[in-house]
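Structure file final-v6.tsv (TSV, C-alpha atoms and all ligand atoms) follows.
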chain	number	residue	atom	x	y	z
T	1	MET	CA	-39.81	-25.31	-98.85
T	2	LYS	CA	-41.75	-26.18	-95.72
T	3	PHE	CA	-39.54	-26.27	-92.65
T	4	LYS	CA	-40.71	-29.15	-90.49
T	5	ARG	CA	-37.71	-29.43	-88.25
T	6	ILE	CA	-34.96	-26.98	-87.39
T	7	GLY	CA	-31.96	-27.11	-85.08
T	8	VAL	CA	-30.45	-24.49	-82.83
T	9	LEU	CA	-26.94	-24.49	-81.38
T	10	THR	CA	-24.55	-22.23	-79.49
T	11	SER	CA	-20.86	-22.38	-80.29
T	12	GLY	CA	-17.58	-20.66	-79.42
T	13	GLY	CA	-17.17	-18.55	-76.26
T	14	ASP	CA	-20.44	-18.33	-74.37
T	15	ALA	CA	-22.15	-14.98	-73.79
T	16	PRO	CA	-24.95	-13.84	-71.47
T	17	GLY	CA	-28.12	-13.61	-73.53
T	18	MET	CA	-27.52	-16.79	-75.53
T	19	ASN	CA	-30.37	-18.43	-73.60
T	20	ALA	CA	-32.70	-15.56	-74.50
T	21	ALA	CA	-31.79	-16.11	-78.17
T	22	ILE	CA	-32.45	-19.87	-77.91
T	23	ARG	CA	-35.82	-19.13	-76.33
T	24	ALA	CA	-36.77	-16.69	-79.09
T	25	VAL	CA	-35.75	-19.18	-81.78
T	26	VAL	CA	-37.82	-21.97	-80.23
T	27	ARG	CA	-40.87	-19.84	-79.53
T	28	THR	CA	-40.84	-18.16	-82.95
T	29	ALA	CA	-40.34	-21.45	-84.79
T	30	ILE	CA	-43.12	-23.27	-82.95
T	31	GLY	CA	-45.40	-20.23	-83.27
T	32	SER	CA	-44.75	-20.23	-87.03
T	33	GLY	CA	-45.73	-23.86	-87.54
T	34	VAL	CA	-42.35	-25.58	-87.38
T	35	GLU	CA	-43.16	-29.02	-85.98
T	36	GLU	CA	-39.98	-29.72	-84.08
T	37	VAL	CA	-36.97	-27.79	-82.84
T	38	TYR	CA	-33.84	-29.67	-81.90
T	39	GLY	CA	-31.53	-28.17	-79.29
T	40	ILE	CA	-28.06	-29.34	-80.30
T	41	TYR	CA	-25.69	-29.71	-77.34
T	42	GLY	CA	-22.10	-28.42	-77.30
T	43	GLY	CA	-22.14	-26.58	-80.64
T	44	TYR	CA	-20.92	-28.31	-83.83
T	45	LYS	CA	-19.41	-31.13	-81.76
T	46	GLY	CA	-22.91	-32.06	-80.63
T	47	LEU	CA	-24.09	-32.05	-84.22
T	48	ILE	CA	-21.31	-34.43	-85.25
T	49	ASP	CA	-22.03	-36.66	-82.24
T	50	ASN	CA	-25.80	-36.55	-82.77
T	51	ASP	CA	-26.18	-35.11	-79.28
T	52	MET	CA	-29.50	-33.29	-79.31
T	53	GLU	CA	-32.94	-33.13	-77.77
T	54	LEU	CA	-36.30	-31.77	-78.84
T	55	LEU	CA	-37.09	-28.41	-77.27
T	56	ASP	CA	-40.57	-27.08	-76.71
T	57	ILE	CA	-42.05	-23.98	-75.14
T	58	ARG	CA	-41.72	-25.53	-71.69
T	59	SER	CA	-38.09	-26.49	-72.06
T	60	VAL	CA	-37.20	-22.85	-72.73
T	61	SER	CA	-39.24	-21.39	-69.91
T	62	ASN	CA	-37.32	-19.52	-67.19
T	63	ILE	CA	-34.13	-19.33	-69.21
T	64	ILE	CA	-34.37	-15.73	-70.46
T	65	SER	CA	-32.71	-14.44	-67.31
T	66	ARG	CA	-30.02	-17.11	-67.09
T	67	GLY	CA	-26.38	-16.58	-68.08
T	68	GLY	CA	-24.33	-19.19	-69.97
T	69	THR	CA	-26.11	-21.39	-72.47
T	70	MET	CA	-28.51	-24.24	-71.71
T	71	LEU	CA	-27.23	-25.93	-74.89
T	72	TYR	CA	-23.60	-25.68	-73.72
T	73	SER	CA	-20.85	-24.54	-76.01
T	74	ALA	CA	-17.52	-25.64	-77.41
T	75	ARG	CA	-14.93	-24.85	-80.05
T	76	CYS	CA	-14.77	-27.86	-82.38
T	77	ASN	CA	-11.71	-28.66	-84.49
T	78	GLU	CA	-13.28	-31.85	-85.84
T	79	PHE	CA	-15.93	-29.77	-87.59
T	80	LYS	CA	-13.19	-28.02	-89.56
T	81	THR	CA	-12.40	-31.27	-91.38
T	82	GLU	CA	-14.38	-32.45	-94.42
T	83	GLU	CA	-15.09	-35.73	-92.62
T	84	GLY	CA	-16.51	-33.88	-89.59
T	85	MET	CA	-18.70	-31.69	-91.77
T	86	GLN	CA	-20.01	-34.64	-93.76
T	87	ARG	CA	-20.84	-36.43	-90.53
T	88	ALA	CA	-22.78	-33.34	-89.34
T	89	VAL	CA	-24.68	-33.16	-92.66
T	90	GLN	CA	-25.55	-36.85	-92.39
T	91	VAL	CA	-26.88	-36.34	-88.85
T	92	CYS	CA	-29.08	-33.48	-90.11
T	93	LYS	CA	-30.40	-35.68	-92.92
T	94	ASP	CA	-31.07	-38.63	-90.60
T	95	ARG	CA	-32.92	-36.38	-88.14
T	96	GLY	CA	-34.77	-34.54	-90.91
T	97	ILE	CA	-33.33	-31.17	-89.82
T	98	ASP	CA	-34.16	-28.66	-92.59
T	99	GLY	CA	-32.15	-25.72	-91.26
T	100	ILE	CA	-30.06	-24.51	-88.36
T	101	VAL	CA	-29.76	-21.32	-86.34
T	102	ALA	CA	-26.17	-21.02	-85.09
T	103	ILE	CA	-25.52	-18.60	-82.24
T	104	GLY	CA	-21.94	-17.42	-81.60
T	105	GLY	CA	-18.99	-15.52	-83.06
T	106	ASP	CA	-17.05	-15.57	-86.31
T	107	GLY	CA	-15.95	-19.22	-85.92
T	108	THR	CA	-19.61	-20.16	-85.56
T	109	PHE	CA	-20.44	-18.32	-88.78
T	110	ARG	CA	-17.65	-20.06	-90.68
T	111	GLY	CA	-19.25	-23.35	-89.58
T	112	ALA	CA	-22.67	-22.10	-90.69
T	113	THR	CA	-21.32	-21.31	-94.16
T	114	ASP	CA	-19.69	-24.72	-94.42
T	115	LEU	CA	-23.00	-26.39	-93.56
T	116	THR	CA	-25.00	-24.17	-95.91
T	117	ASN	CA	-22.57	-25.03	-98.74
T	118	ARG	CA	-23.24	-28.69	-98.05
T	119	GLY	CA	-27.01	-28.35	-98.30
T	120	ILE	CA	-28.12	-27.44	-94.76
T	121	PRO	CA	-29.39	-23.84	-94.72
T	122	CYS	CA	-28.03	-21.89	-91.74
T	123	ILE	CA	-28.57	-18.47	-90.23
T	124	GLY	CA	-26.11	-16.99	-87.71
T	125	ILE	CA	-26.82	-14.85	-84.66
T	126	PRO	CA	-23.89	-12.79	-83.29
T	127	ALA	CA	-23.24	-13.50	-79.63
T	128	THR	CA	-19.91	-12.71	-78.01
T	129	ILE	CA	-19.01	-10.43	-75.15
T	130	ASP	CA	-16.22	-8.85	-77.24
T	131	ASN	CA	-18.53	-7.00	-79.70
T	132	ASP	CA	-15.99	-7.89	-82.36
T	133	ILE	CA	-18.28	-8.95	-85.22
T	134	SER	CA	-17.75	-6.07	-87.60
T	135	SER	CA	-20.95	-6.55	-89.63
T	136	THR	CA	-23.13	-5.71	-86.63
T	137	ASP	CA	-23.08	-2.72	-84.28
T	138	TYR	CA	-23.87	-4.98	-81.34
T	139	THR	CA	-23.29	-8.57	-80.26
T	140	ILE	CA	-25.34	-10.35	-77.60
T	141	GLY	CA	-23.55	-10.39	-74.24
T	142	PHE	CA	-21.55	-7.20	-74.72
T	143	GLU	CA	-23.54	-5.03	-72.33
T	144	THR	CA	-23.72	-7.65	-69.59
T	145	ALA	CA	-19.94	-8.12	-69.73
T	146	MET	CA	-19.38	-4.37	-69.57
T	147	THR	CA	-21.73	-4.11	-66.61
T	148	THR	CA	-19.79	-6.85	-64.82
T	149	VAL	CA	-16.48	-5.11	-65.55
T	150	ALA	CA	-17.78	-1.71	-64.39
T	151	ASP	CA	-19.08	-3.28	-61.20
T	152	LEU	CA	-15.73	-4.97	-60.49
T	153	ILE	CA	-13.78	-1.79	-61.20
T	154	ASP	CA	-16.04	0.18	-58.85
T	155	LYS	CA	-15.04	-2.35	-56.18
T	156	LEU	CA	-11.36	-2.11	-57.05
T	157	ARG	CA	-11.56	1.65	-56.80
T	158	ASP	CA	-12.71	1.38	-53.17
T	159	THR	CA	-9.59	-0.51	-52.18
T	160	CYS	CA	-7.34	1.70	-54.37
T	161	GLU	CA	-8.72	4.73	-52.52
T	162	SER	CA	-8.05	3.16	-49.11
T	163	HIS	CA	-4.45	2.25	-49.98
T	164	ALA	CA	-3.66	5.11	-52.39
T	165	ARG	CA	-2.87	2.60	-55.12
T	166	CYS	CA	-3.06	2.31	-58.87
T	167	SER	CA	-4.78	-0.74	-60.37
T	168	VAL	CA	-4.04	-1.94	-63.88
T	169	VAL	CA	-6.93	-4.10	-65.01
T	170	GLU	CA	-6.89	-6.44	-67.98
T	171	VAL	CA	-10.31	-7.01	-69.54
T	172	MET	CA	-11.39	-9.39	-72.32
T	173	GLY	CA	-11.39	-8.51	-76.00
T	174	LYS	CA	-8.99	-10.40	-78.23
T	175	TYR	CA	-9.47	-8.35	-81.38
T	176	ALA	CA	-11.63	-5.50	-80.10
T	177	GLY	CA	-10.99	-3.10	-77.25
T	178	ASP	CA	-14.69	-2.21	-77.04
T	179	ILE	CA	-15.13	-3.50	-73.48
T	180	ALA	CA	-12.00	-1.59	-72.38
T	181	ILE	CA	-12.96	1.68	-74.06
T	182	ASN	CA	-16.58	1.74	-72.88
T	183	THR	CA	-15.84	0.68	-69.32
T	184	GLY	CA	-12.95	3.15	-69.27
T	185	ILE	CA	-15.46	5.92	-69.83
T	186	ALA	CA	-18.01	4.40	-67.47
T	187	THR	CA	-15.57	4.07	-64.58
T	188	GLY	CA	-13.42	7.15	-65.16
T	189	ALA	CA	-10.21	5.23	-65.87
T	190	ILE	CA	-7.17	7.48	-66.18
T	191	ALA	CA	-5.83	5.54	-69.20
T	192	VAL	CA	-7.10	2.86	-71.58
T	193	ALA	CA	-4.83	0.74	-73.77
T	194	VAL	CA	-6.20	-1.35	-76.65
T	195	ARG	CA	-4.58	-3.21	-79.52
T	196	GLU	CA	-6.18	-1.26	-82.36
T	197	ILE	CA	-5.41	2.33	-81.29
T	198	PRO	CA	-1.84	3.65	-80.71
T	199	PHE	CA	-1.07	4.06	-77.02
T	200	ASP	CA	1.45	6.55	-75.64
T	201	GLU	CA	2.75	4.88	-72.50
T	202	GLU	CA	4.98	7.78	-71.44
T	203	LYS	CA	2.10	10.21	-71.69
T	204	ALA	CA	-0.11	7.88	-69.63
T	205	ILE	CA	2.55	7.57	-66.93
T	206	ALA	CA	2.97	11.36	-66.83
T	207	LYS	CA	-0.80	11.71	-66.42
T	208	ILE	CA	-0.80	9.23	-63.55
T	209	ALA	CA	2.08	11.06	-61.81
T	210	LYS	CA	0.26	14.38	-62.22
T	211	ALA	CA	-2.96	12.95	-60.82
T	212	ARG	CA	-1.06	11.85	-57.74
T	213	GLU	CA	0.54	15.28	-57.42
T	214	ASN	CA	-3.02	16.60	-57.41
T	215	LYS	CA	-3.76	14.30	-54.46
T	216	LYS	CA	-5.72	11.68	-56.39
T	217	ARG	CA	-5.54	8.48	-54.33
T	218	ASN	CA	-7.33	5.91	-56.52
T	219	ILE	CA	-6.03	5.41	-60.05
T	220	ILE	CA	-7.52	2.95	-62.56
T	221	VAL	CA	-5.90	1.87	-65.84
T	222	ILE	CA	-7.66	-0.53	-68.23
T	223	VAL	CA	-5.90	-2.71	-70.80
T	224	ALA	CA	-7.67	-4.91	-73.36
T	225	GLU	CA	-6.30	-8.46	-73.55
T	226	GLY	CA	-5.73	-7.95	-77.29
T	227	LYS	CA	-2.72	-5.84	-76.28
T	228	THR	CA	-0.95	-9.09	-75.61
T	229	ASP	CA	1.35	-9.54	-72.63
T	230	TYR	CA	1.21	-5.85	-71.86
T	231	ALA	CA	-0.84	-5.12	-68.74
T	232	GLU	CA	1.29	-6.80	-66.08
T	233	GLY	CA	4.54	-5.22	-67.28
T	234	PHE	CA	2.82	-1.85	-67.59
T	235	ALA	CA	1.79	-2.05	-63.94
T	236	GLU	CA	5.44	-2.63	-62.98
T	237	ARG	CA	6.61	0.28	-65.11
T	238	ILE	CA	4.02	2.62	-63.57
T	239	GLU	CA	5.21	1.75	-60.08
T	240	LYS	CA	8.87	2.17	-61.04
T	241	ALA	CA	8.34	5.52	-62.79
T	242	THR	CA	5.95	7.13	-60.30
T	243	GLY	CA	6.58	5.37	-57.00
T	244	ILE	CA	2.85	4.71	-56.74
T	245	GLU	CA	2.11	1.24	-55.42
T	246	THR	CA	0.48	-0.53	-58.39
T	247	ARG	CA	-1.39	-3.82	-58.62
T	248	PHE	CA	-2.25	-5.87	-61.70
T	249	THR	CA	-5.64	-7.63	-61.91
T	250	ARG	CA	-6.95	-9.85	-64.71
T	251	PHE	CA	-10.73	-10.24	-64.58
T	252	GLY	CA	-10.72	-13.29	-66.89
T	253	HIS	CA	-13.73	-15.50	-67.48
T	254	VAL	CA	-15.88	-13.95	-64.77
T	255	GLN	CA	-16.70	-11.44	-67.54
T	256	ARG	CA	-18.46	-14.15	-69.53
T	257	GLY	CA	-21.01	-15.10	-66.88
T	258	GLY	CA	-23.93	-13.54	-65.10
T	259	ILE	CA	-27.52	-12.51	-65.51
T	260	PRO	CA	-28.01	-10.87	-68.92
T	261	THR	CA	-29.00	-7.21	-68.92
T	262	VAL	CA	-32.29	-6.08	-70.44
T	263	ARG	CA	-30.43	-4.83	-73.54
T	264	ASP	CA	-28.96	-8.31	-74.08
T	265	ARG	CA	-32.28	-10.07	-73.51
T	266	VAL	CA	-34.14	-7.76	-75.88
T	267	THR	CA	-31.48	-7.89	-78.60
T	268	ALA	CA	-31.30	-11.68	-78.30
T	269	SER	CA	-35.08	-11.90	-78.61
T	270	ARG	CA	-35.14	-9.62	-81.66
T	271	MET	CA	-32.30	-11.47	-83.35
T	272	GLY	CA	-33.67	-14.92	-82.47
T	273	LYS	CA	-36.99	-14.07	-84.05
T	274	ALA	CA	-35.36	-12.51	-87.13
T	275	ALA	CA	-33.19	-15.60	-87.67
T	276	VAL	CA	-36.19	-17.92	-87.78
T	277	VAL	CA	-38.16	-15.56	-90.02
T	278	GLU	CA	-35.26	-15.44	-92.51
T	279	LEU	CA	-34.87	-19.23	-92.44
T	280	LEU	CA	-38.57	-19.86	-92.99
T	281	ASN	CA	-38.55	-17.33	-95.83
T	282	GLY	CA	-36.06	-19.58	-97.57
T	283	LYS	CA	-32.98	-17.51	-96.82
T	284	SER	CA	-29.68	-19.01	-95.74
T	285	ASN	CA	-26.04	-18.17	-95.10
T	286	LEU	CA	-26.99	-14.91	-93.41
T	287	VAL	CA	-25.83	-13.33	-90.19
T	288	ILE	CA	-28.41	-11.28	-88.32
T	289	CYS	CA	-27.09	-7.80	-87.57
T	290	GLU	CA	-28.13	-4.72	-85.67
T	291	ARG	CA	-27.31	-1.50	-87.48
T	292	LYS	CA	-28.36	1.90	-86.18
T	293	GLY	CA	-30.88	0.14	-83.95
T	294	VAL	CA	-32.50	-1.79	-86.81
T	295	ILE	CA	-32.34	-5.58	-87.03
T	296	THR	CA	-31.17	-6.57	-90.49
T	297	SER	CA	-29.00	-9.26	-92.06
T	298	MET	CA	-25.90	-9.73	-94.20
T	299	ASP	CA	-24.50	-12.57	-96.26
T	300	ILE	CA	-22.11	-14.50	-93.99
T	301	ASN	CA	-19.29	-14.55	-96.53
T	302	LYS	CA	-19.47	-10.78	-96.86
T	303	ALA	CA	-19.70	-10.39	-93.06
T	304	LEU	CA	-16.60	-12.56	-92.57
T	305	LYS	CA	-14.68	-10.54	-95.15
T	306	ILE	CA	-15.66	-7.24	-93.51
T	307	ASP	CA	-14.49	-8.71	-90.25
T	308	ARG	CA	-11.11	-9.68	-91.68
T	309	MET	CA	-10.77	-6.25	-93.24
T	310	PHE	CA	-11.62	-4.47	-90.00
T	311	LYS	CA	-9.16	-6.59	-88.05
T	312	ASN	CA	-6.43	-5.99	-90.67
T	313	LEU	CA	-6.19	-9.70	-91.42
T	314	MET	CA	-6.81	-9.49	-95.15
T	315	THR	CA	-4.17	-10.42	-97.74
T	316	ASP	CA	-3.38	-8.35	-100.86
T	317	ALA	CA	-4.95	-11.10	-102.98
T	318	GLU	CA	-8.20	-10.82	-101.01
T	319	TYR	CA	-8.23	-7.03	-101.48
T	320	ALA	CA	-7.69	-7.49	-105.22
T	321	GLU	CA	-10.56	-9.96	-105.37
T	322	LEU	CA	-12.92	-7.54	-103.61
T	323	GLU	CA	-11.90	-4.79	-106.01
T	324	LYS	CA	-12.67	-7.08	-108.94
T	325	GLU	CA	-16.09	-7.81	-107.44
T	326	GLY	CA	-16.70	-4.05	-107.11
T	327	VAL	CA	-17.42	-4.22	-103.35
T	328	LEU	CA	-14.12	-2.97	-101.97
T	329	GLU	CA	-15.13	0.67	-101.55
T	330	GLU	CA	-18.43	-0.14	-99.81
T	331	MET	CA	-16.70	-2.51	-97.39
T	332	ARG	CA	-13.90	-0.06	-96.77
T	333	ALA	CA	-16.44	2.69	-95.98
T	334	HIS	CA	-18.20	0.37	-93.52
T	335	CYS	CA	-14.93	-0.41	-91.71
T	336	GLU	CA	-13.84	3.22	-91.68
T	337	ALA	CA	-17.13	4.34	-90.15
T	338	ARG	CA	-16.82	1.67	-87.47
T	339	ALA	CA	-13.22	2.58	-86.71
T	340	ALA	CA	-14.13	6.29	-86.55
T	341	ALA	CA	-16.93	5.61	-84.06
T	342	LYS	CA	-14.53	3.62	-81.89
T	343	LEU	CA	-11.86	6.31	-82.06
T	344	GLU	CA	-14.39	8.97	-81.07
T	345	LEU	CA	-15.24	6.97	-77.94
T	346	TYR	CA	-11.56	6.40	-77.20
T	347	LYS	CA	-10.86	10.12	-77.47
T	348	LEU	CA	-13.75	10.81	-75.11
T	349	SER	CA	-12.19	8.47	-72.54
T	350	GLU	CA	-8.91	10.42	-72.89
T	351	GLU	CA	-10.38	13.91	-72.89
T	352	ILE	CA	-12.62	13.37	-69.90
T	353	CYS	CA	-9.66	12.17	-67.82
T	354	LYS	CA	-7.05	14.73	-68.92
A	1	LIG	O1	-15.63	-14.98	-76.21
A	1	LIG	C1	-14.60	-14.12	-76.45
A	1	LIG	C2	-13.50	-14.35	-75.47
A	1	LIG	O2	-14.00	-14.19	-74.18
A	1	LIG	C3	-12.26	-13.50	-75.70
A	1	LIG	O3	-12.37	-12.23	-75.15
A	1	LIG	C4	-11.19	-14.34	-75.10
A	1	LIG	O4	-9.97	-14.07	-75.68
A	1	LIG	C5	-11.63	-15.72	-75.41
A	1	LIG	O5	-13.02	-15.69	-75.59
A	1	LIG	C6	-11.30	-16.73	-74.34
A	1	LIG	O6	-11.63	-17.98	-74.80
A	1	LIG	P1	-11.67	-19.31	-73.95
A	1	LIG	O7	-13.00	-19.40	-73.34
A	1	LIG	O8	-11.44	-20.37	-74.95
A	1	LIG	O9	-10.59	-19.20	-72.93

Starting from the coordinates I provided, produce the structure as structure tokens.
Amino acid sequence: MKFKRIGVLTSGGDAPGMNAAIRAVVRTAIGSGVEEVYGIYGGYKGLIDNDMELLDIRSVSNIISRGGTMLYSARCNEFKTEEGMQRAVQVCKDRGIDGIVAIGGDGTFRGATDLTNRGIPCIGIPATIDNDISSTDYTIGFETAMTTVADLIDKLRDTCESHARCSVVEVMGKYAGDIAINTGIATGAIAVAVREIPFDEEKAIAKIAKARENKKRNIIVIVAEGKTDYAEGFAERIEKATGIETRFTRFGHVQRGGIPTVRDRVTASRMGKAAVVELLNGKSNLVICERKGVITSMDINKALKIDRMFKNLMTDAEYAELEKEGVLEEMRAHCEARAAAKLELYKLSEEICK
């Protein structure tokens, strides 16, 4: 099939580097003979509302270094209904859109599958600061967010040192503590608490007390937001148990903005190009992945299942189905390797700050 017209959208939580991905999609498509590229505004909502504009090389100039997304983003409940999806398909047909590149997280990929199943081929690109797409080693925006967090913690440490305080910082990461673990190492945090790895609060408090005994003035603790409603109370308990004045800080959405790092721009460019190449080669329902530094792809349904498995969200019936399909062991091995890599990093953060 000749692709005359394709669409590109960004959906879900925004991530620095999304613009670099949009740019790569547009430039690759036009360079490969695609006649028109539609930039769809506000994710799937924009598709339903027919809110889009043609993009050319000039409209994506000077965006590679910009945070956020020039196409805006949203989470769209309407698209989850059959009526919403049919409306989106009709808009694609009316506009003559032959395929779509959807940039975002797992919700974005579920939408891409729904569209593919209804006759509009889609390819997904993983972009979320959380790095919580289990089919890929890396998601666009992760490094920029970590750099922002490390920078903010360095600043917090200055004031902790002046006042001899402890700071408990909550960072983003609903399902994955990757930002917390990596920035914990990068900033020398005394303790890191994440949802997916058991945390010994008493041991952490004892470590903090000992550090103070050893005359350490500035003390940083990092908690991932996935450890729900934990960080603020933990700060209070540290102060009560140790007598060290302790402050709680939530970095919040500031972590989602900012100039993308080189790593994010390069990965976005590689993934953007790969997505268009796959689409033009007649492939669909794929998510572009980076594994061991290589850009590759995986069927979206499989990627979503791996994700559910990794996040312990799978039901017994789903496990049984995977076993029947003969893919359970392979998926399990993938998740175990990922969990082991994360645990190794977590242990490093603990060992280095004994
Ligand atoms: O994009 C991921 C993420 O930043 C999570 O870490 C966080 O839980 C969520 O998005 C916040 O979403 P919203 O922008 O809807 O508040």

Would you mind listing the residues within 9 Å of ligand LIG 1 (chain A), counting only C-alpha atoms and all ligand atoms, as number ranges by chain? T: 12-15, 74-75, 104-105, 127-132, 171-176, 224-226, 252-253, 255-256

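Using only C-alpha atoms, the protein and nucleic acid residues lying at most 7 Å from the point (-38.0, -20.8, -89.0) are Phe3, Ala29, Val34, Val276, Val277, Glu278, Leu279 and Leu280 of chain T.
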
Quick one: everything within 12 Å of stretch 260-267 of chain T, counting all atoms listed in the file, minus sequence neighbours fewer than 5 positions away in the same chain. Send it as JSON, numbers by chain. {"T": [14, 15, 16, 17, 18, 19, 20, 21, 22, 23, 24, 63, 64, 65, 66, 67, 68, 69, 125, 126, 127, 128, 129, 131, 136, 137, 138, 139, 140, 141, 142, 143, 144, 145, 146, 147, 148, 255, 272, 273, 274, 288, 289, 290, 291, 293, 294, 295, 296]}

May I ask for the distance between atom CA of T:Leu55 and atom CA of T:Tyr38, given in Å to one decimal place? 5.8 Å

In Å, with one decimal, what is the gap from atom CA of T:Arg247 to atom CA of T:Phe234? 10.1 Å

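One finds atom CA of T:Thr228 at 20.4 Å from atom CA of T:Cys166.
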
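Compared by their closest atoms to T:Arg195, and using all atoms listed in the file, the residues T:Arg5, T:Lys80, T:Arg270, T:Lys227 rank with T:Lys227 nearest.
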
Step by step: start from the point (-5.1, 4.5, -57.5) in the file's coordinates, keep every protein, DNA or RNA residue that has an atom no farther than 10 Å from it, count only C-alpha atoms, and write the set as a ChimeraX atom specification. /T:156-168,189-190,208,211-212,216-221,244-247

Taking C-alpha atoms for each residue, export the selection above as a CSV table (one decimal), in the coordinates of the input.
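Final file, part-v1.csv:
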chain,number,residue,atom,x,y,z
T,156,LEU,CA,-11.4,-2.1,-57.0
T,157,ARG,CA,-11.6,1.6,-56.8
T,158,ASP,CA,-12.7,1.4,-53.2
T,159,THR,CA,-9.6,-0.5,-52.2
T,160,CYS,CA,-7.3,1.7,-54.4
T,161,GLU,CA,-8.7,4.7,-52.5
T,162,SER,CA,-8.0,3.2,-49.1
T,163,HIS,CA,-4.4,2.2,-50.0
T,164,ALA,CA,-3.7,5.1,-52.4
T,165,ARG,CA,-2.9,2.6,-55.1
T,166,CYS,CA,-3.1,2.3,-58.9
T,167,SER,CA,-4.8,-0.7,-60.4
T,168,VAL,CA,-4.0,-1.9,-63.9
T,189,ALA,CA,-10.2,5.2,-65.9
T,190,ILE,CA,-7.2,7.5,-66.2
T,208,ILE,CA,-0.8,9.2,-63.6
T,211,ALA,CA,-3.0,13.0,-60.8
T,212,ARG,CA,-1.1,11.8,-57.7
T,216,LYS,CA,-5.7,11.7,-56.4
T,217,ARG,CA,-5.5,8.5,-54.3
T,218,ASN,CA,-7.3,5.9,-56.5
T,219,ILE,CA,-6.0,5.4,-60.0
T,220,ILE,CA,-7.5,3.0,-62.6
T,221,VAL,CA,-5.9,1.9,-65.8
T,244,ILE,CA,2.8,4.7,-56.7
T,245,GLU,CA,2.1,1.2,-55.4
T,246,THR,CA,0.5,-0.5,-58.4
T,247,ARG,CA,-1.4,-3.8,-58.6

If the box runs along x, y and z of the file and leaves 6 Å on each side of stretch 156-161 of chain T, what are its centre and edge lengths in Å, one decimal, as AutoDock Vina command-line options?
--center_x -10.0 --center_y 1.3 --center_z -54.6 --size_x 17.4 --size_y 18.8 --size_z 16.9

Atoms are missing here; could stretch 250-254 of chain T be completed with all heavy atoms and written as a PDB file, keeping the file's coordinate frame?
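Writing the result to part-v9.pdb gives the following:
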ATOM      1  N   ARG T 250      -6.325  -9.358 -63.467  1.00  0.00           N
ATOM      2  CA  ARG T 250      -6.950  -9.850 -64.710  1.00  0.00           C
ATOM      3  C   ARG T 250      -8.344 -10.367 -64.349  1.00  0.00           C
ATOM      4  O   ARG T 250      -8.462 -11.289 -63.538  1.00  0.00           O
ATOM      5  CB  ARG T 250      -6.092 -10.957 -65.312  1.00  0.00           C
ATOM      6  CG  ARG T 250      -6.696 -11.555 -66.571  1.00  0.00           C
ATOM      7  CD  ARG T 250      -5.798 -12.630 -67.184  1.00  0.00           C
ATOM      8  NE  ARG T 250      -4.621 -12.033 -67.798  1.00  0.00           N
ATOM      9  CZ  ARG T 250      -3.355 -12.434 -67.574  1.00  0.00           C
ATOM     10  NH1 ARG T 250      -3.115 -13.439 -66.763  1.00  0.00           N
ATOM     11  NH2 ARG T 250      -2.343 -11.834 -68.166  1.00  0.00           N
ATOM     12  N   PHE T 251      -9.365  -9.804 -64.937  1.00  0.00           N
ATOM     13  CA  PHE T 251     -10.730 -10.240 -64.580  1.00  0.00           C
ATOM     14  C   PHE T 251     -11.071 -11.613 -65.168  1.00  0.00           C
ATOM     15  O   PHE T 251     -11.851 -12.356 -64.590  1.00  0.00           O
ATOM     16  CB  PHE T 251     -11.752  -9.207 -65.032  1.00  0.00           C
ATOM     17  CG  PHE T 251     -11.785  -7.954 -64.184  1.00  0.00           C
ATOM     18  CD1 PHE T 251     -12.368  -6.789 -64.660  1.00  0.00           C
ATOM     19  CD2 PHE T 251     -11.223  -7.936 -62.913  1.00  0.00           C
ATOM     20  CE1 PHE T 251     -12.395  -5.636 -63.884  1.00  0.00           C
ATOM     21  CE2 PHE T 251     -11.242  -6.783 -62.125  1.00  0.00           C
ATOM     22  CZ  PHE T 251     -11.830  -5.635 -62.620  1.00  0.00           C
ATOM     23  N   GLY T 252     -10.530 -11.946 -66.328  1.00  0.00           N
ATOM     24  CA  GLY T 252     -10.720 -13.290 -66.890  1.00  0.00           C
ATOM     25  C   GLY T 252     -12.149 -13.669 -67.179  1.00  0.00           C
ATOM     26  O   GLY T 252     -12.996 -12.826 -67.485  1.00  0.00           O
ATOM     27  N   HIS T 253     -12.442 -14.954 -67.000  1.00  0.00           N
ATOM     28  CA  HIS T 253     -13.730 -15.500 -67.480  1.00  0.00           C
ATOM     29  C   HIS T 253     -14.940 -15.080 -66.669  1.00  0.00           C
ATOM     30  O   HIS T 253     -16.067 -15.360 -67.080  1.00  0.00           O
ATOM     31  CB  HIS T 253     -13.631 -17.023 -67.573  1.00  0.00           C
ATOM     32  CG  HIS T 253     -12.781 -17.460 -68.729  1.00  0.00           C
ATOM     33  ND1 HIS T 253     -11.418 -17.437 -68.669  1.00  0.00           N
ATOM     34  CD2 HIS T 253     -13.106 -17.885 -69.968  1.00  0.00           C
ATOM     35  CE1 HIS T 253     -10.921 -17.849 -69.830  1.00  0.00           C
ATOM     36  NE2 HIS T 253     -11.922 -18.128 -70.627  1.00  0.00           N
ATOM     37  N   VAL T 254     -14.720 -14.441 -65.528  1.00  0.00           N
ATOM     38  CA  VAL T 254     -15.880 -13.950 -64.770  1.00  0.00           C
ATOM     39  C   VAL T 254     -16.692 -12.993 -65.655  1.00  0.00           C
ATOM     40  O   VAL T 254     -17.916 -12.866 -65.508  1.00  0.00           O
ATOM     41  CB  VAL T 254     -15.395 -13.287 -63.453  1.00  0.00           C
ATOM     42  CG1 VAL T 254     -14.731 -11.953 -63.710  1.00  0.00           C
ATOM     43  CG2 VAL T 254     -16.527 -13.112 -62.473  1.00  0.00           C
TER      44      VAL T 254
END
